[in-house]
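Novice: Pasting in a structure now, in structure tokens, and then I'll have a few things to ask.
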Amino acid sequence: MINIERTSVMNFENAIRGARNPMNSWARMDSTYDEEGRFCLGENDLDLAKRLAHAGSDHRKFLRQIFVSVDITAPLYWWKEFDTYKVGTVANSTSTMHKIHAKAFERADFSHDRLDEGGLVALDAMIAYLEVEREKFVANKANKQAWHNMIQLLPSSYNQMRTVTLNYENLINIYYARRSHKLAEWHMLCDWIMSLPYAKELIAVKEN
């Protein structure tokens, strides 16, 4: 399970202007904003952006200046793999350390879309145990044993929300490294990547 929401793409205009700095070709800029405030690459700017994007990482530095902010809710087992991407990314997460006891545990807190009947039975048993320990801790915050039981037994299918900031260069790396991954969450993230503005031209650089 993965939920991707509140996507914002920023700084396209500045990134394209910077891409023209080496040749002082700012007069050829022809991009505009539409009535809804979305940045639309003009013919000249799109041609330059595509050529630089396809020329390799040394030439497409401007892609590192196109920023994407998004809220992603995904299981801990997926976040463990996402954390491979450290350079050029920032993430602020909800806290299991501070807020694990804030609400009752329920199935919706865990990714279980691919579990069979036996797996669901095991998950429900774990949820029931975690809820008993949570209630003990809520009743007595000095009961650190109950808190430790929750933290150390929390399944990796537990869903966590993070606000993530990336850039288009990060997204190229993620897309080509993960689009054939066995986890369904990566396929869904790659579909989201390809829905971003000019993803076909600037992110799917190995396709064209």
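Following the order of the structure tokens, first chain is A, next is B, and so on, with residues numbered from 1 inside each chain and ligands from 1 in the order they appear.
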Hey, what's within 12 Å of Ile66 in chain A if we count only C-alpha atoms and toss same-chain stuff fewer than 3 positions away? As a PyMOL selection string, please?
Specialist: chain A and resi 8-19+39+49+60-63+69+88+165-171+196-199+202-203
Novice: Which residues in chain A does DSSP call strand (DSSP E)? List them as number ranges by chain.
Specialist: A: 3-10, 32-33, 39-40, 67-75, 90-93, 159-167
Novice: I need the residue nearest Pro22 in chain A from this list: A:His98, A:His187, A:His59, A:Phe110. Use only C-alpha atoms for the distance.
Specialist: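 Using only C-alpha atoms, the shortest distance to Pro22 in chain A belongs to A:His59.
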Novice: Let me make sure I understand: among A:Met150, A:Glu135, A:Ile4, A:Tyr33, which one has the smallest atom-to-atom distance to Asp191 in chain A if we use only C-alpha atoms?
Specialist: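 Comparing A:Met150, A:Glu135, A:Ile4, A:Tyr33 against Asp191 in chain A, the winner is A:Ile4.
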Novice: Choose the residue, out of A:Ile174, A:Ile151, A:Ile72, A:Ala108, that has the smallest atom-to-atom separation from Ile2 in chain A; count only C-alpha atoms.
Specialist: A:Ile72
Novice: Just the number, please: distance in Å from CA of Asp109 in chain A to CA of Asn149 in chain A, one decimal.
Specialist: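 According to the coordinates, CA of Asp109 in chain A and CA of Asn149 in chain A are separated by 17.3 Å.
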Novice: Write out as a PDB file with N, CA and C atoms, in the first residue's frame each polymer residue whose atoms come within 9 Å of Glu133 in chain A, counting only C-alpha atoms; drop sequence neighbours fewer than 5 positions from it.
Specialist:
```
ATOM      1  N   ALA A 128      -4.110  -6.856  18.106  1.00  0.00           N
ATOM      2  CA  ALA A 128      -4.762  -7.013  19.409  1.00  0.00           C
ATOM      3  C   ALA A 128      -3.743  -6.912  20.540  1.00  0.00           C
ATOM      4  N   VAL A 138      -1.008   4.066  27.982  1.00  0.00           N
ATOM      5  CA  VAL A 138      -1.853   5.256  28.118  1.00  0.00           C
ATOM      6  C   VAL A 138      -2.334   5.401  29.565  1.00  0.00           C
ATOM      7  N   GLN A 145       7.834  -0.631  29.971  1.00  0.00           N
ATOM      8  CA  GLN A 145       7.852  -1.964  29.361  1.00  0.00           C
ATOM      9  C   GLN A 145       6.788  -2.081  28.272  1.00  0.00           C
ATOM     10  N   ALA A 146       5.609  -1.551  28.534  1.00  0.00           N
ATOM     11  CA  ALA A 146       4.551  -1.585  27.528  1.00  0.00           C
ATOM     12  C   ALA A 146       4.968  -0.806  26.280  1.00  0.00           C
ATOM     13  N   TRP A 147       5.620   0.339  26.478  1.00  0.00           N
ATOM     14  CA  TRP A 147       6.085   1.152  25.355  1.00  0.00           C
ATOM     15  C   TRP A 147       7.132   0.390  24.549  1.00  0.00           C
ATOM     16  N   ASN A 149       7.480  -2.811  24.350  1.00  0.00           N
ATOM     17  CA  ASN A 149       6.812  -3.908  23.655  1.00  0.00           C
ATOM     18  C   ASN A 149       6.185  -3.440  22.346  1.00  0.00           C
ATOM     19  N   MET A 150       5.596  -2.252  22.358  1.00  0.00           N
ATOM     20  CA  MET A 150       5.019  -1.704  21.137  1.00  0.00           C
ATOM     21  C   MET A 150       6.094  -1.401  20.095  1.00  0.00           C
TER      22      MET A 150
END
```
Novice: Just to confirm, what's the straight-line distance from CA of Leu153 in chain A to CA of Trp78 in chain A in Å (one decimal)?
Specialist: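 Between CA of Leu153 in chain A and CA of Trp78 in chain A the gap works out to 17.4 Å.
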Novice: Could you go through range 22-173 of chain A and tell me which residues DSSP, when run on the backbone, assigns to alpha helix (DSSP H), listing them as a ChimeraX atom specification?
Specialist: /A:43-54,76-82,96-99,117-139,144-153,168-173
Novice: Using only C-alpha atoms for the distances, tell me which of A:Leu41, A:Ala91, A:Leu76, A:Leu183 is nearest to Thr163 in chain A.
Specialist: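 Closest to Thr163 in chain A, using only C-alpha atoms: A:Ala91.
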Novice: Neighbouring residues of Arg20 in chain A were defined as those with any atom within 9 Å, considering only C-alpha atoms; residues of the same chain fewer than 5 positions away were excluded. Please report them as a PyMOL selection string.
Specialist: chain A and resi 15+25-26+28-29+45+48
Novice: Go ahead and dump the residues you just picked, N, CA and C atoms, as a PDB file, in the first residue's frame.
Specialist:
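out37.pdb written:
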```pdb
ATOM      1  N   ALA A  15      15.027  27.261 -12.951  1.00  0.00           N
ATOM      2  CA  ALA A  15      15.912  26.201 -13.433  1.00  0.00           C
ATOM      3  C   ALA A  15      16.207  26.362 -14.924  1.00  0.00           C
ATOM      4  N   SER A  25      21.941  32.753 -23.300  1.00  0.00           N
ATOM      5  CA  SER A  25      20.867  32.690 -24.300  1.00  0.00           C
ATOM      6  C   SER A  25      19.499  33.005 -23.714  1.00  0.00           C
ATOM      7  N   TRP A  26      19.470  33.889 -22.715  1.00  0.00           N
ATOM      8  CA  TRP A  26      18.204  34.188 -22.039  1.00  0.00           C
ATOM      9  C   TRP A  26      17.168  34.789 -22.992  1.00  0.00           C
ATOM     10  N   ARG A  28      16.266  33.829 -25.718  1.00  0.00           N
ATOM     11  CA  ARG A  28      15.519  32.784 -26.416  1.00  0.00           C
ATOM     12  C   ARG A  28      14.466  32.118 -25.532  1.00  0.00           C
ATOM     13  N   MET A  29      14.375  32.550 -24.294  1.00  0.00           N
ATOM     14  CA  MET A  29      13.360  31.984 -23.399  1.00  0.00           C
ATOM     15  C   MET A  29      11.966  32.298 -23.939  1.00  0.00           C
ATOM     16  N   ASP A  45      12.603  26.559 -25.072  1.00  0.00           N
ATOM     17  CA  ASP A  45      13.034  26.085 -23.758  1.00  0.00           C
ATOM     18  C   ASP A  45      12.898  24.563 -23.641  1.00  0.00           C
ATOM     19  N   LEU A  48      15.815  22.911 -25.515  1.00  0.00           N
ATOM     20  CA  LEU A  48      17.050  22.974 -24.726  1.00  0.00           C
ATOM     21  C   LEU A  48      16.991  22.005 -23.552  1.00  0.00           C
TER      22      LEU A  48
END
```
